[in-house]
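Visitor: First, the structure itself, so that you have it in front of you.
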Amino acid sequence: MRRINIGISTVCFLFTFLMAMHLFQNWNVSLFEYLYDVSIFTPIFFALLGSICAWFSVRGTNRNILIILNLLMLFFFAIFTFIAIFGFQNP
């Protein structure tokens, strides 16, 4: 079960990373556009799920790296979402 958590955490990190690249590179990938259409909080959900799965995985270097990377993506998308919700309001 702990090895499955490493795989889930890796997939969640890749989804959040590719969703960030989708924003900055203007890729036309319909999967990521659909995930953003579902909710603006989708990357935050994937980063949080990846952090939780990494926390419960096998102890070692892979666990530490996945926790750090998923938390960095969570922090990045939390700031990005905060700016998107509150920063673009009309005065």
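By convention in this document, the chains of the structure tokens carry letters A, B, ... by their order, each chain's residues are numbered from 1, and ligands are numbered from 1 in the order they are shown.
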Please provide the set of residues having any atom within 8 Å of segment 45-62 of chain A, restricted to only C-alpha atoms, with same-chain residues fewer than 5 positions apart removed, written as a PyMOL selection string.

Guide: chain A and resi 2-6+8-13+15-16+67+70-71+73-74

Visitor: Got a sec to tell me which of segment 8-88 of chain A DSSP assigns to helix (DSSP H, G or I), as a JSON list (two decimals) with N, CA and C atoms, in the first residue's frame?

Guide:
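Saved as selection_30.json:
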[["chain", "number", "residue", "atom", "x", "y", "z"],
["A", 8, "ILE", "N", 0.83, 7.44, -6.62],
["A", 8, "ILE", "CA", -0.25, 8.44, -6.62],
["A", 8, "ILE", "C", 0.32, 9.84, -6.42],
["A", 9, "SER", "N", 1.28, 9.96, -5.52],
["A", 9, "SER", "CA", 1.90, 11.26, -5.26],
["A", 9, "SER", "C", 2.65, 11.77, -6.48],
["A", 10, "THR", "N", 3.34, 10.88, -7.18],
["A", 10, "THR", "CA", 4.07, 11.27, -8.39],
["A", 10, "THR", "C", 3.11, 11.72, -9.48],
["A", 11, "VAL", "N", 2.02, 10.98, -9.67],
["A", 11, "VAL", "CA", 1.04, 11.35, -10.69],
["A", 11, "VAL", "C", 0.39, 12.69, -10.35],
["A", 12, "CYS", "N", 0.08, 12.91, -9.08],
["A", 12, "CYS", "CA", -0.52, 14.18, -8.67],
["A", 12, "CYS", "C", 0.45, 15.34, -8.90],
["A", 13, "PHE", "N", 1.73, 15.13, -8.61],
["A", 13, "PHE", "CA", 2.72, 16.18, -8.87],
["A", 13, "PHE", "C", 2.82, 16.47, -10.36],
["A", 14, "LEU", "N", 2.83, 15.42, -11.18],
["A", 14, "LEU", "CA", 2.93, 15.64, -12.62],
["A", 14, "LEU", "C", 1.71, 16.38, -13.15],
["A", 15, "PHE", "N", 0.51, 16.04, -12.64],
["A", 15, "PHE", "CA", -0.69, 16.76, -13.05],
["A", 15, "PHE", "C", -0.59, 18.24, -12.69],
["A", 16, "THR", "N", -0.17, 18.55, -11.46],
["A", 16, "THR", "CA", -0.09, 19.95, -11.07],
["A", 16, "THR", "C", 1.00, 20.68, -11.84],
["A", 17, "PHE", "N", 2.12, 20.02, -12.07],
["A", 17, "PHE", "CA", 3.20, 20.64, -12.83],
["A", 17, "PHE", "C", 2.78, 20.90, -14.27],
["A", 18, "LEU", "N", 2.12, 19.93, -14.89],
["A", 18, "LEU", "CA", 1.67, 20.12, -16.27],
["A", 18, "LEU", "C", 0.55, 21.13, -16.36],
["A", 19, "MET", "N", -0.26, 21.25, -15.31],
["A", 19, "MET", "CA", -1.29, 22.29, -15.31],
["A", 19, "MET", "C", -0.66, 23.68, -15.22],
["A", 20, "ALA", "N", 0.44, 23.80, -14.48],
["A", 20, "ALA", "CA", 1.15, 25.08, -14.42],
["A", 20, "ALA", "C", 1.81, 25.39, -15.77],
["A", 21, "MET", "N", 2.39, 24.39, -16.40],
["A", 21, "MET", "CA", 3.00, 24.59, -17.71],
["A", 21, "MET", "C", 1.94, 24.93, -18.75],
["A", 22, "HIS", "N", 0.75, 24.38, -18.60],
["A", 22, "HIS", "CA", -0.35, 24.69, -19.51],
["A", 22, "HIS", "C", -0.71, 26.18, -19.44],
["A", 23, "LEU", "N", -0.64, 26.75, -18.25],
["A", 23, "LEU", "CA", -0.93, 28.17, -18.10],
["A", 23, "LEU", "C", 0.12, 29.05, -18.74],
["A", 24, "PHE", "N", 1.38, 28.72, -18.55],
["A", 24, "PHE", "CA", 2.46, 29.60, -18.97],
["A", 24, "PHE", "C", 2.87, 29.41, -20.43],
["A", 25, "GLN", "N", 2.64, 28.23, -21.00],
["A", 25, "GLN", "CA", 3.08, 27.96, -22.37],
["A", 25, "GLN", "C", 1.95, 28.02, -23.39],
["A", 30, "SER", "N", -6.79, 19.58, -24.23],
["A", 30, "SER", "CA", -8.19, 19.65, -23.79],
["A", 30, "SER", "C", -8.39, 19.09, -22.38],
["A", 31, "LEU", "N", -7.54, 18.15, -21.96],
["A", 31, "LEU", "CA", -7.67, 17.59, -20.61],
["A", 31, "LEU", "C", -7.45, 18.67, -19.56],
["A", 32, "PHE", "N", -6.41, 19.47, -19.71],
["A", 32, "PHE", "CA", -6.12, 20.51, -18.72],
["A", 32, "PHE", "C", -7.14, 21.64, -18.79],
["A", 33, "GLU", "N", -7.62, 21.94, -19.98],
["A", 33, "GLU", "CA", -8.67, 22.94, -20.08],
["A", 33, "GLU", "C", -9.94, 22.46, -19.39],
["A", 34, "TYR", "N", -10.24, 21.18, -19.54],
["A", 34, "TYR", "CA", -11.41, 20.62, -18.85],
["A", 34, "TYR", "C", -11.23, 20.66, -17.34],
["A", 35, "LEU", "N", -10.03, 20.34, -16.84],
["A", 35, "LEU", "CA", -9.78, 20.36, -15.40],
["A", 35, "LEU", "C", -9.90, 21.78, -14.84],
["A", 36, "TYR", "N", -9.45, 22.79, -15.60],
["A", 36, "TYR", "CA", -9.64, 24.16, -15.15],
["A", 36, "TYR", "C", -11.09, 24.59, -15.23],
["A", 37, "ASP", "N", -11.84, 24.03, -16.20],
["A", 37, "ASP", "CA", -13.27, 24.35, -16.29],
["A", 37, "ASP", "C", -14.06, 23.73, -15.15],
["A", 38, "VAL", "N", -13.59, 22.59, -14.64],
["A", 38, "VAL", "CA", -14.28, 21.95, -13.50],
["A", 38, "VAL", "C", -14.22, 22.89, -12.30],
["A", 42, "THR", "N", -8.84, 22.86, -8.73],
["A", 42, "THR", "CA", -8.41, 21.51, -9.09],
["A", 42, "THR", "C", -6.91, 21.28, -8.88],
["A", 43, "PRO", "N", -6.02, 22.20, -9.29],
["A", 43, "PRO", "CA", -4.60, 21.96, -9.02],
["A", 43, "PRO", "C", -4.27, 21.94, -7.53],
["A", 44, "ILE", "N", -5.00, 22.72, -6.74],
["A", 44, "ILE", "CA", -4.78, 22.71, -5.30],
["A", 44, "ILE", "C", -5.19, 21.36, -4.72],
["A", 45, "PHE", "N", -6.29, 20.81, -5.23],
["A", 45, "PHE", "CA", -6.73, 19.49, -4.78],
["A", 45, "PHE", "C", -5.68, 18.43, -5.12],
["A", 46, "PHE", "N", -5.14, 18.46, -6.35],
["A", 46, "PHE", "CA", -4.13, 17.47, -6.74],
["A", 46, "PHE", "C", -2.86, 17.62, -5.91],
["A", 47, "ALA", "N", -2.43, 18.85, -5.64],
["A", 47, "ALA", "CA", -1.22, 19.05, -4.84],
["A", 47, "ALA", "C", -1.44, 18.60, -3.40],
["A", 48, "LEU", "N", -2.62, 18.85, -2.86],
["A", 48, "LEU", "CA", -2.91, 18.41, -1.49],
["A", 48, "LEU", "C", -2.98, 16.89, -1.41],
["A", 49, "LEU", "N", -3.64, 16.27, -2.39],
["A", 49, "LEU", "CA", -3.71, 14.80, -2.43],
["A", 49, "LEU", "C", -2.32, 14.20, -2.58],
["A", 50, "GLY", "N", -1.48, 14.81, -3.41],
["A", 50, "GLY", "CA", -0.11, 14.32, -3.58],
["A", 50, "GLY", "C", 0.71, 14.45, -2.32],
["A", 51, "SER", "N", 0.52, 15.54, -1.58],
["A", 51, "SER", "CA", 1.24, 15.73, -0.31],
["A", 51, "SER", "C", 0.82, 14.71, 0.73],
["A", 52, "ILE", "N", -0.47, 14.45, 0.80],
["A", 52, "ILE", "CA", -0.97, 13.48, 1.77],
["A", 52, "ILE", "C", -0.48, 12.08, 1.43],
["A", 53, "CYS", "N", -0.53, 11.71, 0.15],
["A", 53, "CYS", "CA", -0.05, 10.39, -0.25],
["A", 53, "CYS", "C", 1.45, 10.26, -0.04],
["A", 54, "ALA", "N", 2.20, 11.31, -0.28],
["A", 54, "ALA", "CA", 3.64, 11.26, -0.04],
["A", 54, "ALA", "C", 3.95, 11.12, 1.45],
["A", 55, "TRP", "N", 3.13, 11.74, 2.28],
["A", 55, "TRP", "CA", 3.34, 11.66, 3.72],
["A", 55, "TRP", "C", 3.19, 10.22, 4.23],
["A", 61, "THR", "N", 14.36, 9.08, 0.65],
["A", 61, "THR", "CA", 14.61, 10.28, -0.13],
["A", 61, "THR", "C", 13.44, 10.61, -1.05],
["A", 62, "ASN", "N", 12.86, 9.59, -1.68],
["A", 62, "ASN", "CA", 11.74, 9.82, -2.59],
["A", 62, "ASN", "C", 10.57, 10.48, -1.86],
["A", 63, "ARG", "N", 10.31, 10.04, -0.66],
["A", 63, "ARG", "CA", 9.21, 10.61, 0.13],
["A", 63, "ARG", "C", 9.48, 12.08, 0.42],
["A", 64, "ASN", "N", 10.69, 12.39, 0.85],
["A", 64, "ASN", "CA", 11.01, 13.78, 1.19],
["A", 64, "ASN", "C", 10.92, 14.69, -0.03],
["A", 65, "ILE", "N", 11.42, 14.22, -1.16],
["A", 65, "ILE", "CA", 11.37, 15.03, -2.38],
["A", 65, "ILE", "C", 9.93, 15.25, -2.82],
["A", 66, "LEU", "N", 9.11, 14.19, -2.77],
["A", 66, "LEU", "CA", 7.72, 14.33, -3.19],
["A", 66, "LEU", "C", 6.93, 15.24, -2.26],
["A", 67, "ILE", "N", 7.20, 15.17, -0.97],
["A", 67, "ILE", "CA", 6.52, 16.07, -0.04],
["A", 67, "ILE", "C", 6.89, 17.52, -0.34],
["A", 68, "ILE", "N", 8.17, 17.78, -0.53],
["A", 68, "ILE", "CA", 8.62, 19.15, -0.80],
["A", 68, "ILE", "C", 8.06, 19.67, -2.12],
["A", 69, "LEU", "N", 8.12, 18.85, -3.18],
["A", 69, "LEU", "CA", 7.63, 19.30, -4.48],
["A", 69, "LEU", "C", 6.12, 19.53, -4.48],
["A", 70, "ASN", "N", 5.37, 18.63, -3.85],
["A", 70, "ASN", "CA", 3.92, 18.81, -3.81],
["A", 70, "ASN", "C", 3.53, 20.01, -2.95],
["A", 71, "LEU", "N", 4.24, 20.25, -1.86],
["A", 71, "LEU", "CA", 3.94, 21.42, -1.03],
["A", 71, "LEU", "C", 4.31, 22.72, -1.74],
["A", 72, "LEU", "N", 5.39, 22.71, -2.52],
["A", 72, "LEU", "CA", 5.73, 23.89, -3.31],
["A", 72, "LEU", "C", 4.67, 24.19, -4.36],
["A", 73, "MET", "N", 4.17, 23.15, -5.02],
["A", 73, "MET", "CA", 3.11, 23.35, -6.00],
["A", 73, "MET", "C", 1.82, 23.81, -5.32],
["A", 74, "LEU", "N", 1.54, 23.27, -4.14],
["A", 74, "LEU", "CA", 0.37, 23.70, -3.38],
["A", 74, "LEU", "C", 0.48, 25.18, -3.02],
["A", 75, "PHE", "N", 1.64, 25.59, -2.55],
["A", 75, "PHE", "CA", 1.88, 26.99, -2.20],
["A", 75, "PHE", "C", 1.76, 27.89, -3.42],
["A", 76, "PHE", "N", 2.35, 27.46, -4.54],
["A", 76, "PHE", "CA", 2.29, 28.24, -5.77],
["A", 76, "PHE", "C", 0.85, 28.44, -6.24],
["A", 77, "PHE", "N", 0.08, 27.36, -6.29],
["A", 77, "PHE", "CA", -1.28, 27.48, -6.77],
["A", 77, "PHE", "C", -2.20, 28.16, -5.75],
["A", 78, "ALA", "N", -1.88, 28.07, -4.48],
["A", 78, "ALA", "CA", -2.67, 28.81, -3.48],
["A", 78, "ALA", "C", -2.49, 30.31, -3.66],
["A", 79, "ILE", "N", -1.25, 30.75, -3.89],
["A", 79, "ILE", "CA", -1.01, 32.17, -4.13],
["A", 79, "ILE", "C", -1.65, 32.59, -5.45],
["A", 80, "PHE", "N", -1.49, 31.77, -6.48],
["A", 80, "PHE", "CA", -2.07, 32.07, -7.78],
["A", 80, "PHE", "C", -3.60, 32.18, -7.70],
["A", 81, "THR", "N", -4.24, 31.29, -6.98],
["A", 81, "THR", "CA", -5.70, 31.32, -6.83],
["A", 81, "THR", "C", -6.14, 32.53, -6.00],
["A", 82, "PHE", "N", -5.39, 32.85, -4.96],
["A", 82, "PHE", "CA", -5.71, 34.02, -4.14],
["A", 82, "PHE", "C", -5.65, 35.29, -4.98],
["A", 83, "ILE", "N", -4.62, 35.40, -5.82],
["A", 83, "ILE", "CA", -4.51, 36.57, -6.69],
["A", 83, "ILE", "C", -5.64, 36.59, -7.72],
["A", 84, "ALA", "N", -5.98, 35.43, -8.25],
["A", 84, "ALA", "CA", -7.04, 35.36, -9.25],
["A", 84, "ALA", "C", -8.40, 35.73, -8.67],
["A", 85, "ILE", "N", -8.65, 35.34, -7.43],
["A", 85, "ILE", "CA", -9.96, 35.61, -6.83],
["A", 85, "ILE", "C", -10.05, 37.04, -6.32],
["A", 86, "PHE", "N", -9.06, 37.48, -5.57],
["A", 86, "PHE", "CA", -9.15, 38.78, -4.92],
["A", 86, "PHE", "C", -8.38, 39.90, -5.63],
["A", 87, "GLY", "N", -7.41, 39.58, -6.44],
["A", 87, "GLY", "CA", -6.59, 40.60, -7.05],
["A", 87, "GLY", "C", -7.17, 41.24, -8.29]]
